[in-house]
Amino acid sequence: MVSSPHEAMHRIFQEYPGLFSRVSEVLGIDIPPPTSATVLPTDLTENSPVERRVDTLLRIDTQHDGPYLLAIEAQGKKDPRKTASWPYYVSYLHNRYGALPVLLLIVCQDHTTAQWAATPITIGLPQWPTLTLNPLVAGPHNMPVITNVAEARKDLALATLAAITHADNPDVDAILKTLSAALRDVPETIAEPIAELTAQGLGNRPAAQQWRNLVAVDTSFYKSFMSEEIRDQGRAQGRADSLLLVLDVRGIVLTEEAREKITACTDTHLVHQWLERAATATTAEEVFADQ
């Protein structure tokens, strides 16, 4: 099952750890490119009833400047609890990993959340702050709008993150068409995770269906979970059409609610079950028994 935009906004850095060096360039910060990256455990729980987990945690190694920790949080909306948990994450990681430098990156999909997340968090007295946390924030306010195929192909990971953060952009259609076109001549092993991460990032927005259609046309040469899902949806729709025809021929009257229930169902096994019942049922209630 395709997961939420929350997963895509941080998991893309697990798939492409080098992406952060390009994101930092976009954010105007001079951070050296990695020589290697290691995905670390995200559980920050201590021996207490409170469990704390960062979304993604990477150890980034660089050629000349040494290693650092990159904690990534995907933030879908304002959450006042984060003003306590984010400083905790940073101080805990600083202590646990031997005083390695710690960076906190927040990835957002709307301007309001991004502006809120970028506000420094200060702990202490107004006249003497003891600790100030300054998260890096990537979102629609600073990620590039990529509508040039050559530019997208040059850095597919960045183009994917940019598409995810611009999921609500009025120009999202052009952004997705560009990314889809950039994947046409890309090997399956590269195109498949890009396609699925983009689908995750779009969530249940209207643009998600456009992306599925684009992938079905432009990258149908490979089999992935998403392309299988598209085919399943097609099979379910075909059976739904057959079910409606059988019910109509047999004179079984459907309410608008029942008709919508059939056309909206994407479970091929369930639609097939309804179709079998329709062959002998005398009422719509018999078709949907136990549902």
# chains A, B, ... in the order shown; residues from 1 in each chain; ligands from 1

call {"tool": "residues_around", "arguments": {"residues": "Ile121 (chain A)", "least_positions_apart": "5", "cutoff": "10 Å", "atoms": "only C-alpha atoms", "output": "list in words"}}
result
Lys82, Thr83, Ala84, Trp86, Pro87, Pro129, Leu131, Thr132, Leu133, Asn134 and Pro135 of chain A

call {"tool": "select_by_dssp", "arguments": {"residues": "region 3-117 of chain A", "states": "alpha helix (DSSP H)", "output": "ChimeraX atom specification"}}
result
/A:5-15,19-26,82-96,111-117

call {"tool": "atom_distance", "arguments": {"atom1": "CA of Leu104 (chain A)", "atom2": "CA of Ser85 (chain A)"}}
result
11.7 Å

call {"tool": "select_by_dssp", "arguments": {"residues": "region 49-257 of chain A", "states": "strand (DSSP E)", "output": "ChimeraX atom specification"}}
result
/A:56-62,68-75,102-108,121-125,128-133,136-138

call {"tool": "residues_around", "arguments": {"residues": "region 27-41 of chain A", "least_positions_apart": "4", "cutoff": "7 Å", "atoms": "only C-alpha atoms", "output": "mmCIF file with all heavy atoms, in the first residue's frame"}}
result
data_model
loop_
_atom_site.group_PDB
_atom_site.id
_atom_site.type_symbol
_atom_site.label_atom_id
_atom_site.label_comp_id
_atom_site.auth_asym_id
_atom_site.auth_seq_id
_atom_site.Cartn_x
_atom_site.Cartn_y
_atom_site.Cartn_z
ATOM 1 N N GLN A 14 17.042 8.479 2.800
ATOM 2 C CA GLN A 14 17.607 7.152 3.031
ATOM 3 C C GLN A 14 18.005 6.513 1.702
ATOM 4 O O GLN A 14 19.046 5.862 1.599
ATOM 5 C CB GLN A 14 16.597 6.265 3.751
ATOM 6 C CG GLN A 14 16.230 6.718 5.151
ATOM 7 C CD GLN A 14 15.237 5.775 5.807
ATOM 8 O OE1 GLN A 14 15.140 4.599 5.456
ATOM 9 N NE2 GLN A 14 14.474 6.290 6.764
ATOM 10 N N PRO A 17 21.224 9.390 0.065
ATOM 11 C CA PRO A 17 21.846 10.214 1.115
ATOM 12 C C PRO A 17 22.577 11.430 0.573
ATOM 13 O O PRO A 17 22.648 12.471 1.232
ATOM 14 C CB PRO A 17 22.809 9.240 1.800
ATOM 15 C CG PRO A 17 22.261 7.883 1.509
ATOM 16 C CD PRO A 17 21.666 7.984 0.141
ATOM 17 N N GLY A 18 23.139 11.316 -0.634
ATOM 18 C CA GLY A 18 23.840 12.451 -1.218
ATOM 19 C C GLY A 18 22.934 13.607 -1.567
ATOM 20 O O GLY A 18 23.412 14.711 -1.850
ATOM 21 N N SER A 21 23.402 17.152 0.236
ATOM 22 C CA SER A 21 24.398 18.139 -0.181
ATOM 23 C C SER A 21 23.828 19.070 -1.245
ATOM 24 O O SER A 21 24.146 20.266 -1.274
ATOM 25 C CB SER A 21 25.669 17.441 -0.702
ATOM 26 O OG SER A 21 25.402 16.726 -1.890
ATOM 27 N N VAL A 23 20.498 19.704 -1.517
ATOM 28 C CA VAL A 23 19.489 20.496 -0.818
ATOM 29 C C VAL A 23 20.146 21.643 -0.065
ATOM 30 O O VAL A 23 19.646 22.765 -0.048
ATOM 31 C CB VAL A 23 18.674 19.606 0.145
ATOM 32 C CG1 VAL A 23 17.773 20.448 1.042
ATOM 33 C CG2 VAL A 23 17.831 18.606 -0.639
ATOM 34 N N LEU A 57 17.486 9.146 10.345
ATOM 35 C CA LEU A 57 18.766 9.567 10.928
ATOM 36 C C LEU A 57 19.897 8.979 10.104
ATOM 37 O O LEU A 57 19.972 7.770 9.890
ATOM 38 C CB LEU A 57 18.871 9.100 12.384
ATOM 39 C CG LEU A 57 20.164 9.463 13.117
ATOM 40 C CD1 LEU A 57 20.330 10.974 13.207
ATOM 41 C CD2 LEU A 57 20.182 8.847 14.513
ATOM 42 N N LEU A 58 20.779 9.854 9.620
ATOM 43 C CA LEU A 58 21.914 9.437 8.806
ATOM 44 C C LEU A 58 23.221 9.928 9.412
ATOM 45 O O LEU A 58 23.279 11.044 9.930
ATOM 46 C CB LEU A 58 21.804 10.001 7.379
ATOM 47 C CG LEU A 58 20.558 9.640 6.558
ATOM 48 C CD1 LEU A 58 20.557 10.428 5.259
ATOM 49 C CD2 LEU A 58 20.505 8.148 6.278
ATOM 50 N N ARG A 59 24.240 9.101 9.337
ATOM 51 C CA ARG A 59 25.604 9.554 9.613
ATOM 52 C C ARG A 59 26.239 9.843 8.262
ATOM 53 O O ARG A 59 26.364 8.962 7.409
ATOM 54 C CB ARG A 59 26.418 8.506 10.362
ATOM 55 C CG ARG A 59 27.901 8.908 10.507
ATOM 56 C CD ARG A 59 28.756 7.793 11.064
ATOM 57 N NE ARG A 59 30.170 8.095 10.869
ATOM 58 C CZ ARG A 59 31.067 8.170 11.838
ATOM 59 N NH1 ARG A 59 30.702 7.944 13.091
ATOM 60 N NH2 ARG A 59 32.334 8.438 11.565
ATOM 61 N N ILE A 60 26.621 11.089 8.051
ATOM 62 C CA ILE A 60 27.204 11.523 6.786
ATOM 63 C C ILE A 60 28.704 11.710 6.979
ATOM 64 O O ILE A 60 29.140 12.429 7.878
ATOM 65 C CB ILE A 60 26.588 12.851 6.308
ATOM 66 C CG1 ILE A 60 25.058 12.731 6.187
ATOM 67 C CG2 ILE A 60 27.216 13.286 4.996
ATOM 68 C CD1 ILE A 60 24.562 11.858 5.083
ATOM 69 N N ASP A 61 29.500 11.038 6.136
ATOM 70 C CA ASP A 61 30.956 11.203 6.160
ATOM 71 C C ASP A 61 31.382 12.083 4.997
ATOM 72 O O ASP A 61 30.853 11.965 3.887
ATOM 73 C CB ASP A 61 31.648 9.843 6.077
ATOM 74 C CG ASP A 61 31.401 8.994 7.315
ATOM 75 O OD1 ASP A 61 31.934 9.338 8.377
ATOM 76 O OD2 ASP A 61 30.651 8.007 7.212
ATOM 77 N N THR A 62 32.328 12.956 5.225
ATOM 78 C CA THR A 62 32.842 13.847 4.187
ATOM 79 C C THR A 62 34.345 13.644 4.046
ATOM 80 O O THR A 62 34.999 13.068 4.919
ATOM 81 C CB THR A 62 32.551 15.318 4.531
ATOM 82 O OG1 THR A 62 33.228 15.669 5.736
ATOM 83 C CG2 THR A 62 31.056 15.544 4.718
ATOM 84 N N GLN A 63 34.890 14.123 2.960
ATOM 85 C CA GLN A 63 36.293 13.873 2.652
ATOM 86 C C GLN A 63 37.240 14.654 3.549
ATOM 87 O O GLN A 63 38.257 14.133 3.998
ATOM 88 C CB GLN A 63 36.573 14.211 1.186
ATOM 89 C CG GLN A 63 37.979 13.813 0.734
ATOM 90 C CD GLN A 63 38.144 13.921 -0.775
ATOM 91 O OE1 GLN A 63 37.228 14.350 -1.472
ATOM 92 N NE2 GLN A 63 39.293 13.522 -1.287
ATOM 93 N N ASN A 142 11.418 27.310 -0.816
ATOM 94 C CA ASN A 142 12.812 27.390 -1.255
ATOM 95 C C ASN A 142 13.268 26.243 -2.162
ATOM 96 O O ASN A 142 14.367 26.304 -2.715
ATOM 97 C CB ASN A 142 13.759 27.491 -0.050
ATOM 98 C CG ASN A 142 13.581 26.365 0.953
ATOM 99 O OD1 ASN A 142 12.959 25.337 0.659
ATOM 100 N ND2 ASN A 142 14.115 26.557 2.148
#

call {"tool": "atom_distance", "arguments": {"atom1": "CA of Ala289 (chain A)", "atom2": "CA of Gln237 (chain A)"}}
result
20.5 Å

call {"tool": "closest_residue", "arguments": {"among": "A:Val287, A:Leu197, A:Leu214, A:Leu158", "to": "Arg259 (chain A)", "atoms": "only C-alpha atoms"}}
result
A:Val287

call {"tool": "atom_distance", "arguments": {"atom1": "CA of Pro120 (chain A)", "atom2": "CA of Gly76 (chain A)"}}
result
18.2 Å

call {"tool": "residues_around", "arguments": {"residues": "Leu245 (chain A)", "least_positions_apart": "5", "cutoff": "12 Å", "atoms": "only C-alpha atoms", "output": "tab-separated table (two decimals) with N, CA, C and O atoms, in the first residue's frame"}}
result
chain	number	residue	atom	x	y	z
A	238	GLY	N	-12.87	-2.78	-14.66
A	238	GLY	CA	-13.50	-3.62	-15.67
A	238	GLY	C	-14.57	-4.52	-15.07
A	238	GLY	O	-15.66	-4.68	-15.65
A	239	ARG	N	-14.27	-5.10	-13.92
A	239	ARG	CA	-15.26	-5.96	-13.26
A	239	ARG	C	-16.43	-5.15	-12.74
A	239	ARG	O	-17.58	-5.63	-12.72
A	240	ALA	N	-16.15	-3.93	-12.27
A	240	ALA	CA	-17.23	-3.07	-11.80
A	240	ALA	C	-18.20	-2.75	-12.93
A	240	ALA	O	-19.43	-2.78	-12.75
A	250	ARG	N	-30.55	-7.68	-15.23
A	250	ARG	CA	-31.44	-8.48	-14.37
A	250	ARG	C	-32.49	-7.62	-13.68
A	250	ARG	O	-33.29	-8.12	-12.89
A	251	GLY	N	-32.47	-6.33	-13.94
A	251	GLY	CA	-33.50	-5.46	-13.41
A	251	GLY	C	-33.38	-5.15	-11.94
A	251	GLY	O	-34.37	-4.79	-11.29
A	252	ILE	N	-32.20	-5.27	-11.39
A	252	ILE	CA	-31.97	-4.96	-9.98
A	252	ILE	C	-31.64	-3.48	-9.84
A	252	ILE	O	-30.66	-3.00	-10.41
A	253	VAL	N	-32.47	-2.77	-9.12
A	253	VAL	CA	-32.33	-1.32	-8.99
A	253	VAL	C	-31.27	-0.98	-7.95
A	253	VAL	O	-31.23	-1.57	-6.86
A	254	LEU	N	-30.38	-0.04	-8.29
A	254	LEU	CA	-29.32	0.40	-7.38
A	254	LEU	C	-29.56	1.84	-6.97
A	254	LEU	O	-29.96	2.67	-7.78
A	259	ARG	N	-24.34	2.40	-6.32
A	259	ARG	CA	-23.62	2.52	-7.59
A	259	ARG	C	-22.23	3.12	-7.38
A	259	ARG	O	-21.23	2.66	-7.95
A	262	ILE	N	-19.79	0.62	-5.92
A	262	ILE	CA	-19.24	-0.31	-6.92
A	262	ILE	C	-18.14	0.36	-7.73
A	262	ILE	O	-17.04	-0.19	-7.89
A	275	LEU	N	-19.88	-9.74	-8.23
A	275	LEU	CA	-20.29	-10.17	-9.57
A	275	LEU	C	-20.88	-11.58	-9.54
A	275	LEU	O	-21.89	-11.87	-10.21
A	278	ALA	N	-24.31	-11.41	-8.07
A	278	ALA	CA	-25.27	-10.73	-8.94
A	278	ALA	C	-25.95	-11.70	-9.90
A	278	ALA	O	-27.05	-11.43	-10.40
A	279	ALA	N	-25.30	-12.84	-10.15
A	279	ALA	CA	-25.87	-13.81	-11.10
A	279	ALA	C	-27.15	-14.44	-10.57
A	279	ALA	O	-28.01	-14.86	-11.35

call {"tool": "residues_around", "arguments": {"residues": "Gln75 (chain A)", "least_positions_apart": "5", "cutoff": "10 Å", "atoms": "only C-alpha atoms", "output": "JSON, numbers by chain"}}
result
{"A": [5, 6, 9, 10, 55, 82, 106, 107, 108, 109, 110, 113, 114, 117, 137, 139]}

call {"tool": "write_last_selection", "arguments": {"atoms": "N, CA, C and O atoms", "output": "PDB file, in the first residue's frame"}}
result
ATOM      1  N   PRO A   5       2.621  11.041   2.395  1.00  0.00           N
ATOM      2  CA  PRO A   5       3.671  11.993   2.035  1.00  0.00           C
ATOM      3  C   PRO A   5       4.729  12.120   3.125  1.00  0.00           C
ATOM      4  O   PRO A   5       5.896  12.362   2.831  1.00  0.00           O
ATOM      5  N   HIS A   6       4.305  11.931   4.371  1.00  0.00           N
ATOM      6  CA  HIS A   6       5.255  12.000   5.490  1.00  0.00           C
ATOM      7  C   HIS A   6       6.432  11.053   5.264  1.00  0.00           C
ATOM      8  O   HIS A   6       7.598  11.406   5.477  1.00  0.00           O
ATOM      9  N   MET A   9       8.859  12.208   2.327  1.00  0.00           N
ATOM     10  CA  MET A   9       9.645  13.421   2.554  1.00  0.00           C
ATOM     11  C   MET A   9      10.931  13.160   3.332  1.00  0.00           C
ATOM     12  O   MET A   9      11.889  13.913   3.214  1.00  0.00           O
ATOM     13  N   HIS A  10      10.952  12.081   4.124  1.00  0.00           N
ATOM     14  CA  HIS A  10      12.216  11.783   4.817  1.00  0.00           C
ATOM     15  C   HIS A  10      12.894  10.531   4.261  1.00  0.00           C
ATOM     16  O   HIS A  10      14.121  10.431   4.229  1.00  0.00           O
ATOM     17  N   ASP A  55      12.382  10.815  12.356  1.00  0.00           N
ATOM     18  CA  ASP A  55      11.904  10.123  11.156  1.00  0.00           C
ATOM     19  C   ASP A  55      13.028   9.387  10.428  1.00  0.00           C
ATOM     20  O   ASP A  55      12.905   8.213  10.104  1.00  0.00           O
ATOM     21  N   LYS A  82       6.554  19.673  18.973  1.00  0.00           N
ATOM     22  CA  LYS A  82       7.883  19.614  18.371  1.00  0.00           C
ATOM     23  C   LYS A  82       8.846  20.630  18.984  1.00  0.00           C
ATOM     24  O   LYS A  82      10.061  20.448  18.909  1.00  0.00           O
ATOM     25  N   ILE A 106      14.049  19.879   8.432  1.00  0.00           N
ATOM     26  CA  ILE A 106      12.608  19.710   8.429  1.00  0.00           C
ATOM     27  C   ILE A 106      12.117  19.855   6.989  1.00  0.00           C
ATOM     28  O   ILE A 106      12.422  20.846   6.326  1.00  0.00           O
ATOM     29  N   VAL A 107      11.356  18.879   6.495  1.00  0.00           N
ATOM     30  CA  VAL A 107      10.818  18.911   5.135  1.00  0.00           C
ATOM     31  C   VAL A 107       9.305  19.122   5.216  1.00  0.00           C
ATOM     32  O   VAL A 107       8.610  18.378   5.922  1.00  0.00           O
ATOM     33  N   CYS A 108       8.813  20.136   4.517  1.00  0.00           N
ATOM     34  CA  CYS A 108       7.392  20.512   4.573  1.00  0.00           C
ATOM     35  C   CYS A 108       6.802  20.606   3.165  1.00  0.00           C
ATOM     36  O   CYS A 108       7.544  20.709   2.184  1.00  0.00           O
ATOM     37  N   GLN A 109       5.476  20.619   3.107  1.00  0.00           N
ATOM     38  CA  GLN A 109       4.786  20.738   1.819  1.00  0.00           C
ATOM     39  C   GLN A 109       3.908  21.984   1.722  1.00  0.00           C
ATOM     40  O   GLN A 109       3.237  22.175   0.708  1.00  0.00           O
ATOM     41  N   ASP A 110       3.873  22.816   2.753  1.00  0.00           N
ATOM     42  CA  ASP A 110       3.092  24.042   2.654  1.00  0.00           C
ATOM     43  C   ASP A 110       3.849  25.183   3.328  1.00  0.00           C
ATOM     44  O   ASP A 110       4.657  24.979   4.229  1.00  0.00           O
ATOM     45  N   THR A 113       3.436  25.820   7.341  1.00  0.00           N
ATOM     46  CA  THR A 113       4.194  24.890   8.181  1.00  0.00           C
ATOM     47  C   THR A 113       5.684  25.158   8.082  1.00  0.00           C
ATOM     48  O   THR A 113       6.408  25.108   9.081  1.00  0.00           O
ATOM     49  N   ALA A 114       6.153  25.458   6.882  1.00  0.00           N
ATOM     50  CA  ALA A 114       7.576  25.732   6.693  1.00  0.00           C
ATOM     51  C   ALA A 114       8.007  26.968   7.484  1.00  0.00           C
ATOM     52  O   ALA A 114       9.066  26.983   8.127  1.00  0.00           O
ATOM     53  N   ALA A 117       8.119  26.006  11.136  1.00  0.00           N
ATOM     54  CA  ALA A 117       9.230  25.114  11.460  1.00  0.00           C
ATOM     55  C   ALA A 117      10.570  25.844  11.476  1.00  0.00           C
ATOM     56  O   ALA A 117      11.495  25.442  12.188  1.00  0.00           O
ATOM     57  N   VAL A 137      15.109  24.149   6.945  1.00  0.00           N
ATOM     58  CA  VAL A 137      13.777  23.802   6.463  1.00  0.00           C
ATOM     59  C   VAL A 137      13.778  23.783   4.941  1.00  0.00           C
ATOM     60  O   VAL A 137      14.212  24.747   4.288  1.00  0.00           O
ATOM     61  N   GLY A 139      11.150  23.299   1.745  1.00  0.00           N
ATOM     62  CA  GLY A 139       9.726  23.297   1.454  1.00  0.00           C
ATOM     63  C   GLY A 139       9.410  24.052   0.188  1.00  0.00           C
ATOM     64  O   GLY A 139      10.315  24.400  -0.588  1.00  0.00           O
TER      65      GLY A 139
END

call {"tool": "decode", "arguments": {"residues": "region 243-258 of chain A", "atoms": "N, CA, C and O atoms", "output": "mmCIF file, in the first residue's frame"}}
result
data_model
loop_
_atom_site.group_PDB
_atom_site.id
_atom_site.type_symbol
_atom_site.label_atom_id
_atom_site.label_comp_id
_atom_site.auth_asym_id
_atom_site.auth_seq_id
_atom_site.Cartn_x
_atom_site.Cartn_y
_atom_site.Cartn_z
ATOM 1 N N LEU A 243 -20.280 -5.772 -13.516
ATOM 2 C CA LEU A 243 -21.266 -5.928 -12.452
ATOM 3 C C LEU A 243 -22.469 -5.016 -12.674
ATOM 4 O O LEU A 243 -23.623 -5.440 -12.546
ATOM 5 N N LEU A 244 -22.205 -3.771 -13.023
ATOM 6 C CA LEU A 244 -23.287 -2.828 -13.276
ATOM 7 C C LEU A 244 -24.164 -3.288 -14.442
ATOM 8 O O LEU A 244 -25.400 -3.150 -14.415
ATOM 9 N N LEU A 245 -23.498 -3.857 -15.467
ATOM 10 C CA LEU A 245 -24.248 -4.339 -16.629
ATOM 11 C C LEU A 245 -25.143 -5.515 -16.245
ATOM 12 O O LEU A 245 -26.317 -5.574 -16.631
ATOM 13 N N VAL A 246 -24.614 -6.466 -15.469
ATOM 14 C CA VAL A 246 -25.394 -7.631 -15.047
ATOM 15 C C VAL A 246 -26.600 -7.208 -14.218
ATOM 16 O O VAL A 246 -27.728 -7.681 -14.417
ATOM 17 N N LEU A 247 -26.370 -6.288 -13.267
ATOM 18 C CA LEU A 247 -27.463 -5.817 -12.422
ATOM 19 C C LEU A 247 -28.536 -5.106 -13.239
ATOM 20 O O LEU A 247 -29.736 -5.263 -12.983
ATOM 21 N N ASP A 248 -28.096 -4.343 -14.235
ATOM 22 C CA ASP A 248 -29.042 -3.620 -15.081
ATOM 23 C C ASP A 248 -29.883 -4.598 -15.907
ATOM 24 O O ASP A 248 -31.110 -4.463 -16.011
ATOM 25 N N VAL A 249 -29.218 -5.602 -16.501
ATOM 26 C CA VAL A 249 -29.916 -6.587 -17.319
ATOM 27 C C VAL A 249 -30.915 -7.382 -16.485
ATOM 28 O O VAL A 249 -32.030 -7.701 -16.933
ATOM 29 N N ARG A 250 -30.552 -7.685 -15.228
ATOM 30 C CA ARG A 250 -31.437 -8.477 -14.367
ATOM 31 C C ARG A 250 -32.485 -7.619 -13.678
ATOM 32 O O ARG A 250 -33.290 -8.117 -12.893
ATOM 33 N N GLY A 251 -32.467 -6.325 -13.942
ATOM 34 C CA GLY A 251 -33.504 -5.458 -13.413
ATOM 35 C C GLY A 251 -33.379 -5.147 -11.940
ATOM 36 O O GLY A 251 -34.373 -4.788 -11.285
ATOM 37 N N ILE A 252 -32.199 -5.266 -11.390
ATOM 38 C CA ILE A 252 -31.967 -4.963 -9.977
ATOM 39 C C ILE A 252 -31.645 -3.481 -9.845
ATOM 40 O O ILE A 252 -30.658 -2.997 -10.408
ATOM 41 N N VAL A 253 -32.467 -2.768 -9.117
ATOM 42 C CA VAL A 253 -32.329 -1.317 -8.992
ATOM 43 C C VAL A 253 -31.266 -0.982 -7.951
ATOM 44 O O VAL A 253 -31.227 -1.566 -6.855
ATOM 45 N N LEU A 254 -30.380 -0.042 -8.291
ATOM 46 C CA LEU A 254 -29.320 0.399 -7.381
ATOM 47 C C LEU A 254 -29.557 1.839 -6.967
ATOM 48 O O LEU A 254 -29.964 2.672 -7.776
ATOM 49 N N THR A 255 -29.299 2.114 -5.699
ATOM 50 C CA THR A 255 -29.298 3.508 -5.254
ATOM 51 C C THR A 255 -28.015 4.173 -5.740
ATOM 52 O O THR A 255 -27.060 3.488 -6.147
ATOM 53 N N GLU A 256 -27.985 5.498 -5.713
ATOM 54 C CA GLU A 256 -26.771 6.214 -6.108
ATOM 55 C C GLU A 256 -25.603 5.824 -5.195
ATOM 56 O O GLU A 256 -24.465 5.716 -5.642
ATOM 57 N N GLU A 257 -25.906 5.606 -3.927
ATOM 58 C CA GLU A 257 -24.866 5.217 -2.973
ATOM 59 C C GLU A 257 -24.277 3.856 -3.327
ATOM 60 O O GLU A 257 -23.064 3.654 -3.292
ATOM 61 N N ALA A 258 -25.150 2.901 -3.705
ATOM 62 C CA ALA A 258 -24.675 1.567 -4.074
ATOM 63 C C ALA A 258 -23.867 1.604 -5.365
ATOM 64 O O ALA A 258 -22.843 0.933 -5.506
#
